[in-house]
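Take a look at the structure below.
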2 protein chains.
Amino acid sequence: MRVFVVFTYLSFSCSLLAQPKNPVHQFVNPLIGTSKMGHVYPGATVPFGMVQVSPQTNFIPMFLSDGSYNKIAYDYCAGYQYSDSNILGFAHTNFSGTGHADLGDILIMPTLGGVELGARSEVQDHGYSSPFSHATEKASPGYYQVTLEKHRIKAEMTATERVGFHRYSFPSSVDANIILDMVYNVYHHSEKNVWTFLRIENDSTITGYRQTNGWARDRKVFFAIRFSQPITHYGFHRYDNNNYKGFYRRFKEQSNFPEMAGKNIRAAFNFMSDSTKPVMLKVALSSVSCEGALNNMETELSHWGFDAVVQEAANKWNKELSKVEVDMMNDGDRVNFYTALYHTHLSPVIYEDVDGKYRGLDQNIHVSEGFTNYTIFSLWDTYRALHPLFNILQQKRNNDMIKSMLAHQEQSVHNMLPIWSHYANENWCMIGYHATSVIADALVKKVGDFDAKKALSACTTTARVPYFEGIGSYLSYGYVPDDLSHSSVSKTLEYAYDDWCIAQIANGIGDAKTSQEFMKRSTYFENVYDAKIGFMRPRMSTGEFRQAFDPMDTHGQGFIEGNAWNYGLYVPQDIPRMVNLMGGKQRMTEHLDSLFTMEIADKYIEKNEDITRDGIMGNYVHGNEPSHHVPYLYNWTGHPEKTQKTVRMVMDEMYSPTIDGLCGNDDAGQMSAWYIFSALGFYPVTPGSTTYALGSPLVVQAKITLPENKILFITAKNQSRKNVYVQEIRWNGAKLKSPFINHASLIEGGKLEFIMNNKPSKFLE
Amino acid sequence: MRVFVVFTYLSFSCSLLAQPKNPVHQFVNPLIGTSKMGHVYPGATVPFGMVQVSPQTNFIPMFLSDGSYNKIAYDYCAGYQYSDSNILGFAHTNFSGTGHADLGDILIMPTLGGVELGARSEVQDHGYSSPFSHATEKASPGYYQVTLEKHRIKAEMTATERVGFHRYSFPSSVDANIILDMVYNVYHHSEKNVWTFLRIENDSTITGYRQTNGWARDRKVFFAIRFSQPITHYGFHRYDNNNYKGFYRRFKEQSNFPEMAGKNIRAAFNFMSDSTKPVMLKVALSSVSCEGALNNMETELSHWGFDAVVQEAANKWNKELSKVEVDMMNDGDRVNFYTALYHTHLSPVIYEDVDGKYRGLDQNIHVSEGFTNYTIFSLWDTYRALHPLFNILQQKRNNDMIKSMLAHQEQSVHNMLPIWSHYANENWCMIGYHATSVIADALVKKVGDFDAKKALSACTTTARVPYFEGIGSYLSYGYVPDDLSHSSVSKTLEYAYDDWCIAQIANGIGDAKTSQEFMKRSTYFENVYDAKIGFMRPRMSTGEFRQAFDPMDTHGQGFIEGNAWNYGLYVPQDIPRMVNLMGGKQRMTEHLDSLFTMEIADKYIEKNEDITRDGIMGNYVHGNEPSHHVPYLYNWTGHPEKTQKTVRMVMDEMYSPTIDGLCGNDDAGQMSAWYIFSALGFYPVTPGSTTYALGSPLVVQAKITLPENKILFITAKNQSRKNVYVQEIRWNGAKLKSPFINHASLIEGGKLEFIMNNKPSKFLE
């Protein structure tokens, strides 16, 4: 059952194109996707902001007392689940849509009356949590509001790039408290803490830091907090199980002592409450130092005008999102579209202080010379459509992100580009070295001014690290042998694609030798194709294919988070060769038809975190990434009309303007980027090439402001729910003869016209 | 029983004054005081160097498994005890002479053959330790050598200011290993570790850091290590008890994986061994970052000339120590003298990178503008004679140390000057705020260019922090009430003295109001004197003296590490008033006579760590600091001859050129500074005044090179073992009429002549 929510934007006019100044950000509903597997957060942030201040709901520890893993914890990657009824507090860092958890720093919670932190010996006990009702919740980009019902406190928050700004309105004039919980982490809890440190700098300023050993195993977050009024009293409790208490025993440390330190501490700050005057606080972050955090605060947010900051945040969102103005068939689509666009502007996040200093992967402090440093690179996901989308809408940022990746590579002790990196750490999640794809895509699309020669060197160095995930044997055998490394087929396929990307970069700078080397590697996908059964299949170091093999199963079959039916179609660098290899266009069309329609047994679903019924269409999995390009493959089998029908079906079934509107993890924006492209009628099936596959737009019309203020108009004539087929496509008036269009054309601006119909057309070849 | 060691310097000529270029550092024996309570280390360092590379011997954990405290661990404050037979490795940071332990960073140990780190589940197990014999040990300033007998490895080490330099000669060509133990701490062991981090930067360079929660509860040490030859293989073992292992599980992390992290890790590095070619390594430290450590290494020690660095270190020592050239009655005295002088040049240590960056008390990175930053301020000890000695021999450094203290105060969340601080942490050990004394002493002696106004403000702010150690009630009551704060009499006495020091600073800058305020506070010692019993005595908040009171007991009697007999004589700021208060000169002379001769029951000794039979003369305790000024008090009672006899007796009985030659903790140089002053014939009884009390010199003659190359000559005519009395004293030819001399005179250079005799003289009034 889907929860439909009445949104205020329904009162808005639909005729966006006539009103280019319309605040499109108001069509965004941050609560969409906060249920089930979307893993997005509803809190306040600005586009690509370093601070994401967001409610954390009913916590369930990841590890149970018997050491077992609590699967439910997976729901809490963004700290919030819509079905929960309690808020634990508001944290300042949150992933958007990821498939693994971390962060949740600097949890703030207002309460009224007495605080007994010391009485709670169990760190799991969030005794100060409060019930809340969604009826009091308001979420829009850059602003979040909720009433904490236990003490009837109205909580509001907004943000600048590096500062979270809170406003708490208390109902009465008894003691107001702000709890600062340094124990809390987004799941897995106190196990993650390495050290916490707090200083009460003066009657209204706190600084401190936390170091955690979680997904990022060496993560340090520094912060500065300033209150709008003096602290009257404060104290803390340390939840450490450590014999050694240090030599501070001569002080009554627990009360009004301005230093606090330990592995697990919670502090409480008391204020004179006044029901007419809210308590506000600003929380600035830094990866560098407390001093850096304080400087970020003072530079970025020197005043106490909360409403003005809410407005500024809205303006920032509106500025970014209004680069794409769309007319849709209904408001539900419009909300889907702008919420998706919002999701694509949440991460990677800025990761440097206002003075350009940031903590590098080597844990040294660096200065970003000539770029802005970013973090959170979920590259196995985002290279597919998110970074290509940035090459249209956020070229400067994408250039900076690439420079951030190159800095990461320089700082890496492995000399490797990021795989899945966040907060000055590499977490090594998932496979491939897809930073190469992001770099190649930008290079062929002439985006940015990063050093291409240095980039090529970073890519080739990365692709040759023998101890990384079977690369050594991939090079020796021409494929990753299944007996030598897990997920052997997925790795072989992705390495081959990434190698093709490297060859494109080599081509771009005229390095024929490197191009040749990596073009050869890019053909290695052929080595894991078993023509006898018509599937990509795990192959052993003996040269034989593995005997036991189930192409329906997503576990232990040489694929990761996918099965051979889906993931086996992953040869974006040479789709014609793949089609030939797998039996030709007719055979591939049949394979795809089966994929989208076949029944799939429960046993293939139930073991999965990332693949649930919500995100499945037949055996096609839209809720996870490996087959995001698959609906567009019909364009290569002579059946673009099947692509058209399928992508419209996916848009209709897998995205909805509801709380559970995401069919799987948004994965740092990739799921939403797929939607943006598809709704506009084209998709980057092969990042690293300039070709987009044309699908079937969902928009009625769209106006996209390109770099240098060029304009791309997209129109869908005769657009309707039923008219999912494209009868004709015109580019600047000229009819297209194939279902593809080049980036170099689009990026110059112009008019892309789709004529829609309810019947397939065969005009395109 | 004392272990007498035959020293090589015995072959040297005694006529030093004739040979001013003589390498006086060769009279230093770093092994003196390494037995029992001296707590000094025998390893290699340069004067005030940031690195002290020194052997760590048989380890005994501080906390036993039942949670109880292992007293024996107190012996290991400097990581080494002469009576031990095993070396665990060589660490790079060590306190000299302190009464509490910390440090012991970056333990290095060479071994031969297989290494099985992983097999040792007990972190206490130092399976790679080696027996050693003192016969193979050579220790001189800046150089240490020993043979590790298990594998017959010759270990040598030397140092620059920020780099430890090791040379290991292996006896054969089987595999050589260097073990890097990041678990080890100077006692208390793995409990202290918060986090450790290592990167193998290339085939011969490692960087990393360690964070500990010990005496310094937030201590971070960054380092860089470079080997003289390529590492052939490496690995590590993590001794953490943590469910969460991070996401590096896809790698074989334990072997040749260039990142290592965890709470407790030990790494081993393998080398091609060649019996003709030693393995060398350089270990650079930084408080800032790994980058800082690497830069320190590359700036300070860019070559591999081990012997040249040994010679440079010797030259540095010789340069500092030869500022005082002495002729003594015998070589034993000479060794005592130069070893003591050496001990006074070990700490405070430089605490900044070559580029001036250092970690401040606020954990932010600062740059020392216009000074060199120092750390290790054991101020309850060192304000007495060590900093006054610096005002003669190390004016520039003392100025820098004061500037370091002022920076500390600025960075302190309490706005307080250091109490006992080390490595960007305040450990709050002992009482008083004696940085004020160091500042006052420098100011009245016109040493340095620190900002006196700022210094006064730092002092007054410190002296008014109400929650620090009873200051609040000290101000309310005019004394620290015994029922409100521990060690109430000691605190009252020391606060009163420190307040007098603050008044001197105020006088110095013409701030009459502040001077008046603090002069008044400086009289508060009178409020804890009980005329009825003739002792300083704990007083209650009711105004009554405490009933139960034993002036012989050092525990729970209102004093800390001392009893009323000794510590009750602590009024250096107004000795005449104290003498009057306590019954006049005759009564005080009798008190002192009793003090130095009375029998003391075992029950008063056995509970003490800092007061042992070795350091006691009657009831006078020389092995600890509070009564270091007491032998000179006879100068104020009309009996300077008793001072003369007593100080000679203390020098003879409490210092010897033997392994157990220190009668108590050297306390960061204070015990040795007492000796230097006394051997030269004068002592700063009241730091903060310019007056020295004259005693009885032990030197035959001395030549002291003062600032601006002025020369102070000291001669003791008719000097002998028996001639401990001074018959006459002349300053630049003029006979002195009182047993005092002013700093302002001495520091201009000149000739101080003592005529010695075997009978008391009454010439001085």
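FYI, nothing fancy with the structure tokens labels: chains A, B, ... in order, residues from 1 per chain, ligands from 1 as they appear.
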Q.
Based on the backbone DSSP call, show me all residues of region 394-577 of chain B assigned strand (DSSP E), as number ranges by chain.
A. B: 420-421, 529-530, 535-536
At a cut-off of 8 Å, using only C-alpha atoms, what residues contact region 564-570 of chain B? Leave out same-chain residues fewer than 2 positions from it and give the result as a compact mmCIF listing (two decimals) with all heavy atoms, in the first residue's frame.
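Resulting contents of part_17.txt:
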# COMPACT_ATOMS: atom_id res chain seq x y z
N SER B 490 49.38 22.66 51.94
CA SER B 490 50.30 22.82 50.81
C SER B 490 49.76 23.83 49.82
O SER B 490 50.49 24.69 49.32
CB SER B 490 50.52 21.47 50.11
OG SER B 490 51.28 20.60 50.91
N LEU B 493 49.98 27.43 51.14
CA LEU B 493 51.35 27.93 51.13
C LEU B 493 51.81 28.25 49.71
O LEU B 493 52.40 29.30 49.45
CB LEU B 493 52.29 26.89 51.77
CG LEU B 493 52.04 26.57 53.24
CD1 LEU B 493 53.02 25.50 53.74
CD2 LEU B 493 52.15 27.83 54.10
N GLU B 494 51.52 27.33 48.79
CA GLU B 494 52.03 27.54 47.43
C GLU B 494 51.27 28.65 46.71
O GLU B 494 51.87 29.42 45.96
CB GLU B 494 51.99 26.23 46.65
CG GLU B 494 52.92 25.20 47.31
CD GLU B 494 53.29 24.05 46.41
OE1 GLU B 494 52.91 24.06 45.22
OE2 GLU B 494 53.95 23.12 46.91
N PHE B 535 53.30 24.62 64.19
CA PHE B 535 53.34 24.05 62.85
C PHE B 535 52.25 24.66 61.96
O PHE B 535 51.19 25.06 62.47
CB PHE B 535 53.10 22.52 62.90
CG PHE B 535 54.30 21.73 63.33
CD1 PHE B 535 54.41 21.26 64.64
CD2 PHE B 535 55.33 21.45 62.43
CE1 PHE B 535 55.51 20.52 65.04
CE2 PHE B 535 56.43 20.71 62.84
CZ PHE B 535 56.53 20.24 64.14
N MET B 536 52.55 24.68 60.66
CA MET B 536 51.47 24.90 59.71
C MET B 536 50.53 23.70 59.87
O MET B 536 50.99 22.56 60.00
CB MET B 536 52.00 24.96 58.27
CG MET B 536 53.02 26.08 58.02
SD MET B 536 52.25 27.72 58.00
CE MET B 536 53.70 28.75 57.65
N ARG B 537 49.21 23.98 59.83
CA ARG B 537 48.27 22.92 60.21
C ARG B 537 46.97 23.10 59.41
O ARG B 537 46.53 24.24 59.20
CB ARG B 537 47.98 23.06 61.69
CG ARG B 537 47.04 22.03 62.25
CD ARG B 537 46.95 22.16 63.77
NE ARG B 537 46.13 21.10 64.33
CZ ARG B 537 45.97 20.87 65.61
NH1 ARG B 537 46.59 21.63 66.51
NH2 ARG B 537 45.21 19.88 66.03
N PRO B 551 52.15 15.91 62.51
CA PRO B 551 53.09 16.68 61.67
C PRO B 551 54.19 15.83 61.05
O PRO B 551 54.94 16.32 60.21
CB PRO B 551 53.67 17.73 62.63
CG PRO B 551 53.42 17.22 63.99
CD PRO B 551 52.21 16.32 63.93
N MET B 552 54.28 14.57 61.45
CA MET B 552 55.28 13.67 60.85
C MET B 552 54.72 12.95 59.63
O MET B 552 55.47 12.48 58.77
CB MET B 552 55.72 12.62 61.87
CG MET B 552 56.71 13.11 62.91
SD MET B 552 58.27 13.62 62.17
CE MET B 552 58.92 12.02 61.64
N ASP B 553 53.44 12.84 59.56
CA ASP B 553 52.83 12.01 58.53
C ASP B 553 52.72 12.78 57.21
O ASP B 553 52.42 13.98 57.20
CB ASP B 553 51.43 11.56 58.99
CG ASP B 553 50.92 10.38 58.18
OD1 ASP B 553 51.56 10.01 57.17
OD2 ASP B 553 49.87 9.82 58.56
N THR B 554 52.97 12.09 56.13
CA THR B 554 52.87 12.74 54.81
C THR B 554 51.52 12.45 54.14
O THR B 554 51.31 12.87 53.01
CB THR B 554 53.98 12.23 53.86
OG1 THR B 554 53.93 10.82 53.80
CG2 THR B 554 55.34 12.66 54.34
N GLN B 557 47.35 14.86 55.95
CA GLN B 557 47.58 15.86 57.00
C GLN B 557 47.56 17.27 56.42
O GLN B 557 48.11 18.20 57.01
CB GLN B 557 48.93 15.59 57.68
CG GLN B 557 49.07 14.18 58.23
CD GLN B 557 48.01 13.84 59.27
OE1 GLN B 557 47.69 14.64 60.13
NE2 GLN B 557 47.45 12.64 59.17
N PHE B 559 49.00 18.10 53.67
CA PHE B 559 50.16 18.32 52.80
C PHE B 559 50.15 17.27 51.70
O PHE B 559 49.53 16.22 51.85
CB PHE B 559 51.46 18.25 53.59
CG PHE B 559 51.59 19.36 54.61
CD1 PHE B 559 51.08 19.20 55.90
CD2 PHE B 559 52.19 20.56 54.26
CE1 PHE B 559 51.18 20.23 56.82
CE2 PHE B 559 52.30 21.59 55.20
CZ PHE B 559 51.78 21.43 56.47
N GLY B 562 54.65 15.37 51.39
CA GLY B 562 55.52 16.00 52.39
C GLY B 562 54.78 16.07 53.71
O GLY B 562 53.56 15.87 53.75
N PRO B 572 58.81 30.87 50.86
CA PRO B 572 60.01 31.47 50.28
C PRO B 572 59.87 32.98 50.05
O PRO B 572 60.87 33.69 50.00
CB PRO B 572 60.18 30.72 48.94
CG PRO B 572 58.85 30.11 48.67
CD PRO B 572 58.23 29.84 49.99
N MET B 578 58.23 34.32 58.24
CA MET B 578 58.00 32.93 58.64
C MET B 578 58.82 32.60 59.89
O MET B 578 58.31 31.98 60.84
CB MET B 578 58.39 31.96 57.52
CG MET B 578 58.28 30.49 57.92
SD MET B 578 58.89 29.35 56.65
CE MET B 578 60.65 29.53 56.83
N LEU B 595 65.18 18.65 62.26
CA LEU B 595 64.75 18.11 60.97
C LEU B 595 65.84 17.26 60.34
O LEU B 595 65.59 16.15 59.86
CB LEU B 595 64.38 19.27 60.03
CG LEU B 595 63.92 18.88 58.63
CD1 LEU B 595 62.52 18.26 58.69
CD2 LEU B 595 63.90 20.08 57.69
N ASN B 619 64.74 13.71 59.00
CA ASN B 619 63.36 13.85 58.55
C ASN B 619 63.31 14.76 57.31
O ASN B 619 62.27 15.03 56.77
CB ASN B 619 62.53 14.43 59.70
CG ASN B 619 61.05 14.56 59.39
OD1 ASN B 619 60.57 13.99 58.42
ND2 ASN B 619 60.33 15.30 60.21
N TYR B 620 64.48 15.24 56.90
CA TYR B 620 64.56 16.07 55.69
C TYR B 620 64.51 15.16 54.46
O TYR B 620 65.19 14.14 54.39
CB TYR B 620 65.86 16.87 55.68
CG TYR B 620 66.16 17.51 54.33
CD1 TYR B 620 65.42 18.61 53.88
CD2 TYR B 620 67.17 17.01 53.50
CE1 TYR B 620 65.69 19.19 52.65
CE2 TYR B 620 67.45 17.59 52.27
CZ TYR B 620 66.70 18.68 51.84
OH TYR B 620 66.96 19.24 50.63
N VAL B 621 63.69 15.55 53.52
CA VAL B 621 63.50 14.74 52.32
C VAL B 621 64.12 15.46 51.12
O VAL B 621 63.58 16.46 50.65
CB VAL B 621 62.00 14.49 52.05
CG1 VAL B 621 61.83 13.65 50.79
CG2 VAL B 621 61.36 13.81 53.25
N PRO B 626 59.50 19.49 47.90
CA PRO B 626 58.98 20.61 48.69
C PRO B 626 59.97 21.24 49.65
O PRO B 626 59.81 22.39 50.03
CB PRO B 626 57.82 19.99 49.48
CG PRO B 626 57.44 18.78 48.73
CD PRO B 626 58.69 18.27 48.08
N SER B 627 61.01 20.52 50.02
CA SER B 627 61.96 21.11 50.98
C SER B 627 63.33 21.37 50.38
O SER B 627 64.31 21.51 51.10
CB SER B 627 62.06 20.20 52.22
OG SER B 627 62.03 18.84 51.85
N VAL B 630 65.11 24.11 51.96
CA VAL B 630 65.25 24.11 53.42
C VAL B 630 66.70 24.17 53.92
O VAL B 630 67.00 24.90 54.87
CB VAL B 630 64.46 22.93 54.03
CG1 VAL B 630 64.78 22.76 55.51
CG2 VAL B 630 62.96 23.14 53.82
Q. From the set B:Asn270, B:Asn256, B:Ser322, B:Asn757, which residue has the shortest atom-to-atom contact distance to chain A, counting only C-alpha atoms?
A.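 Of B:Asn270, B:Asn256, B:Ser322, B:Asn757, the one nearest chain A, counting only C-alpha atoms, is B:Asn256.
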Q: In Å, rounded to a single decimal, give me how far CA of Ala340 (chain B) is from CA of Lys319 (chain B).
A: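 It comes out at 15.6 Å.
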**Q.** Long-range neighbours of Lys446 (chain A) as a ChimeraX atom specification, 12 Å cut-off, only C-alpha atoms, 6 positions minimum in chain
**A.** /A:388,391-392,395-396,398-399,439-440,452,505,508,688-690,707,743-744,747
Q: Find the spatial neighbours of Gly681 (chain B), counting only C-alpha atoms, within a cut-off of 7 Å - ignore same-chain residues fewer than 4 positions away - and output them as a PyMOL selection string.
A: chain B and resi 677+694-697
Take the selection from the previous step and output its residues with N, CA and C atoms, as a PDB file, in the first residue's frame.
ATOM      1  N   PHE B 677      73.402  24.286  41.064  1.00  0.00           N
ATOM      2  CA  PHE B 677      73.483  25.523  41.855  1.00  0.00           C
ATOM      3  C   PHE B 677      74.334  25.312  43.112  1.00  0.00           C
ATOM      4  N   LEU B 694      73.829  32.054  49.447  1.00  0.00           N
ATOM      5  CA  LEU B 694      75.141  31.452  49.251  1.00  0.00           C
ATOM      6  C   LEU B 694      75.296  30.249  50.167  1.00  0.00           C
ATOM      7  N   GLY B 695      75.863  29.200  49.609  1.00  0.00           N
ATOM      8  CA  GLY B 695      76.062  27.988  50.403  1.00  0.00           C
ATOM      9  C   GLY B 695      77.538  27.678  50.490  1.00  0.00           C
ATOM     10  N   SER B 696      77.865  26.418  50.169  1.00  0.00           N
ATOM     11  CA  SER B 696      79.253  25.989  50.183  1.00  0.00           C
ATOM     12  C   SER B 696      79.524  25.259  48.882  1.00  0.00           C
ATOM     13  N   PRO B 697      80.390  25.819  48.033  1.00  0.00           N
ATOM     14  CA  PRO B 697      80.580  25.196  46.720  1.00  0.00           C
ATOM     15  C   PRO B 697      81.255  23.830  46.837  1.00  0.00           C
TER      16      PRO B 697
END
Q. How far is it from CA of Thr705 (chain B) to CA of Gln311 (chain B), in Å with one decimal?
A.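 Value for the CA of Thr705 (chain B)-CA of Gln311 (chain B) distance: 22.9 Å.
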Q | Atom pair CA of Leu406 (chain A) / CA of Asp218 (chain A): separation (Å) | A |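 Interatomic distance here is 20.3 Å.
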Q: Compare A:Leu285, A:Ala455, A:Ala407, A:Leu198 by their minimum atom-to-atom distance to chain B, counting only C-alpha atoms, and give me the closest one.
A: A:Leu198
Q. With only C-alpha atoms as the atoms that count, which of B:Leu180, B:Met654, B:Leu112, B:Ile365 lies nearest to chain A?
A.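 Among B:Leu180, B:Met654, B:Leu112, B:Ile365, it is B:Ile365 that comes nearest to chain A.
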Q. What are the DSSP alpha helix (DSSP H) residues of region 596-757 of chain A, as a PyMOL selection string?
A. chain A and resi 596-597+640-654+670-680+743-746
Store the residues of this selection in a file with C-alpha atoms, as a compact mmCIF listing (two decimals), in the first residue's frame.
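The resulting file, result.txt, is shown below:
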# COMPACT_ATOMS: atom_id res chain seq x y z
CA PHE A 596 10.94 -7.96 -18.57
CA THR A 597 8.10 -10.45 -18.36
CA PRO A 640 13.49 1.03 -30.23
CA GLU A 641 9.73 0.92 -29.73
CA LYS A 642 10.29 -1.72 -27.04
CA THR A 643 12.75 0.63 -25.32
CA GLN A 644 10.12 3.37 -25.51
CA LYS A 645 7.40 1.25 -24.00
CA THR A 646 9.69 -0.20 -21.36
CA VAL A 647 11.17 3.05 -20.10
CA ARG A 648 7.69 4.57 -19.78
CA MET A 649 6.62 1.47 -17.87
CA VAL A 650 9.61 1.76 -15.56
CA MET A 651 8.94 5.47 -14.96
CA ASP A 652 5.30 4.77 -14.22
CA GLU A 653 5.82 1.76 -12.00
CA MET A 654 9.11 2.42 -10.25
CA GLN A 670 21.79 7.37 -9.53
CA MET A 671 18.23 6.07 -9.29
CA SER A 672 16.95 9.62 -9.65
CA ALA A 673 19.40 10.52 -12.41
CA TRP A 674 18.02 7.60 -14.43
CA TYR A 675 14.60 9.14 -14.06
CA ILE A 676 15.68 12.66 -15.07
CA PHE A 677 17.34 11.43 -18.24
CA SER A 678 14.54 9.05 -19.13
CA ALA A 679 11.83 11.62 -18.45
CA LEU A 680 13.64 13.98 -20.82
CA HIS A 743 26.08 15.11 -26.71
CA ALA A 744 28.01 17.56 -28.86
CA SER A 745 24.75 18.48 -30.59
CA LEU A 746 22.57 18.67 -27.50
Quick one: residues within 12 Å of Thr542 (chain A), only C-alpha atoms counted, chain neighbours fewer than 4 positions away excluded, as a CSV table (one decimal) with all heavy atoms, in the first residue's frame?
chain,number,residue,atom,x,y,z
A,477,TYR,N,44.9,-13.9,-16.9
A,477,TYR,CA,44.0,-14.8,-17.6
A,477,TYR,C,43.2,-14.2,-18.7
A,477,TYR,O,42.6,-14.9,-19.4
A,477,TYR,CB,43.1,-15.5,-16.5
A,477,TYR,CG,43.9,-16.4,-15.6
A,477,TYR,CD1,44.5,-15.9,-14.4
A,477,TYR,CD2,43.9,-17.8,-15.8
A,477,TYR,CE1,45.1,-16.7,-13.5
A,477,TYR,CE2,44.6,-18.6,-14.9
A,477,TYR,CZ,45.2,-18.1,-13.8
A,477,TYR,OH,45.8,-18.9,-12.9
A,479,TYR,N,40.6,-12.8,-17.8
A,479,TYR,CA,39.3,-12.7,-17.1
A,479,TYR,C,39.6,-12.9,-15.7
A,479,TYR,O,40.7,-13.4,-15.3
A,479,TYR,CB,38.3,-13.8,-17.6
A,479,TYR,CG,38.8,-15.2,-17.5
A,479,TYR,CD1,38.5,-16.0,-16.4
A,479,TYR,CD2,39.6,-15.7,-18.5
A,479,TYR,CE1,39.0,-17.3,-16.3
A,479,TYR,CE2,40.1,-17.0,-18.4
A,479,TYR,CZ,39.8,-17.8,-17.3
A,479,TYR,OH,40.3,-19.0,-17.2
A,480,VAL,N,38.7,-12.6,-14.8
A,480,VAL,CA,38.9,-12.9,-13.4
A,480,VAL,C,38.5,-14.3,-13.1
A,480,VAL,O,37.3,-14.6,-13.2
A,480,VAL,CB,38.2,-11.9,-12.5
A,480,VAL,CG1,38.3,-12.3,-11.0
A,480,VAL,CG2,38.6,-10.5,-12.7
A,481,PRO,N,39.4,-15.3,-12.8
A,481,PRO,CA,39.0,-16.6,-12.5
A,481,PRO,C,38.1,-16.7,-11.3
A,481,PRO,O,38.5,-16.1,-10.2
A,481,PRO,CB,40.3,-17.4,-12.4
A,481,PRO,CG,41.3,-16.5,-13.0
A,481,PRO,CD,40.9,-15.1,-12.8
A,482,ASP,N,37.1,-17.5,-11.4
A,482,ASP,CA,36.1,-17.6,-10.3
A,482,ASP,C,36.7,-18.2,-9.0
A,482,ASP,O,36.2,-17.9,-7.9
A,482,ASP,CB,34.9,-18.4,-10.8
A,482,ASP,CG,33.7,-18.2,-9.8
A,482,ASP,OD1,33.2,-17.0,-9.7
A,482,ASP,OD2,33.3,-19.1,-9.2
A,483,ASP,N,37.7,-19.1,-9.2
A,483,ASP,CA,38.3,-19.7,-8.0
A,483,ASP,C,39.3,-18.8,-7.4
A,483,ASP,O,39.8,-19.1,-6.3
A,483,ASP,CB,38.9,-21.1,-8.4
A,483,ASP,CG,39.8,-21.0,-9.7
A,483,ASP,OD1,39.5,-20.1,-10.5
A,483,ASP,OD2,40.7,-21.8,-9.8
A,484,LEU,N,39.6,-17.7,-8.0
A,484,LEU,CA,40.7,-16.8,-7.4
A,484,LEU,C,40.1,-15.5,-6.8
A,484,LEU,O,40.7,-14.9,-6.0
A,484,LEU,CB,41.7,-16.5,-8.5
A,484,LEU,CG,42.5,-17.7,-9.1
A,484,LEU,CD1,43.5,-17.2,-10.0
A,484,LEU,CD2,43.1,-18.5,-8.0
A,538,PRO,N,30.7,-17.8,-14.8
A,538,PRO,CA,32.0,-17.8,-14.1
A,538,PRO,C,32.9,-18.9,-14.8
A,538,PRO,O,32.5,-20.0,-15.1
A,538,PRO,CB,31.6,-18.3,-12.7
A,538,PRO,CG,30.1,-18.3,-12.6
A,538,PRO,CD,29.6,-18.1,-14.0
A,546,ARG,N,32.6,-22.7,-14.9
A,546,ARG,CA,32.3,-23.4,-13.7
A,546,ARG,C,31.0,-24.3,-13.9
A,546,ARG,O,30.1,-23.9,-14.6
A,546,ARG,CB,31.9,-22.4,-12.6
A,546,ARG,CG,31.9,-22.9,-11.2
A,546,ARG,CD,31.7,-21.8,-10.2
A,546,ARG,NE,30.3,-21.6,-10.0
A,546,ARG,CZ,29.8,-20.7,-9.2
A,546,ARG,NH1,30.6,-19.9,-8.4
A,546,ARG,NH2,28.4,-20.5,-9.1
Q.
Let me make sure I understand: among B:Phe257, B:Phe132, B:Phe95, B:Tyr604, which one has the smallest atom-to-atom distance to chain A if we use only C-alpha atoms?
A.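 Nearest candidate to chain A out of B:Phe257, B:Phe132, B:Phe95, B:Tyr604: B:Phe257.
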Q: Can you work out which one of B:His639, B:His414, B:Lys751, B:His233 has the shortest atom-to-atom distance to chain A, counting only C-alpha atoms?
A: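 Of B:His639, B:His414, B:Lys751, B:His233, the one nearest chain A is B:His414, counting only C-alpha atoms.
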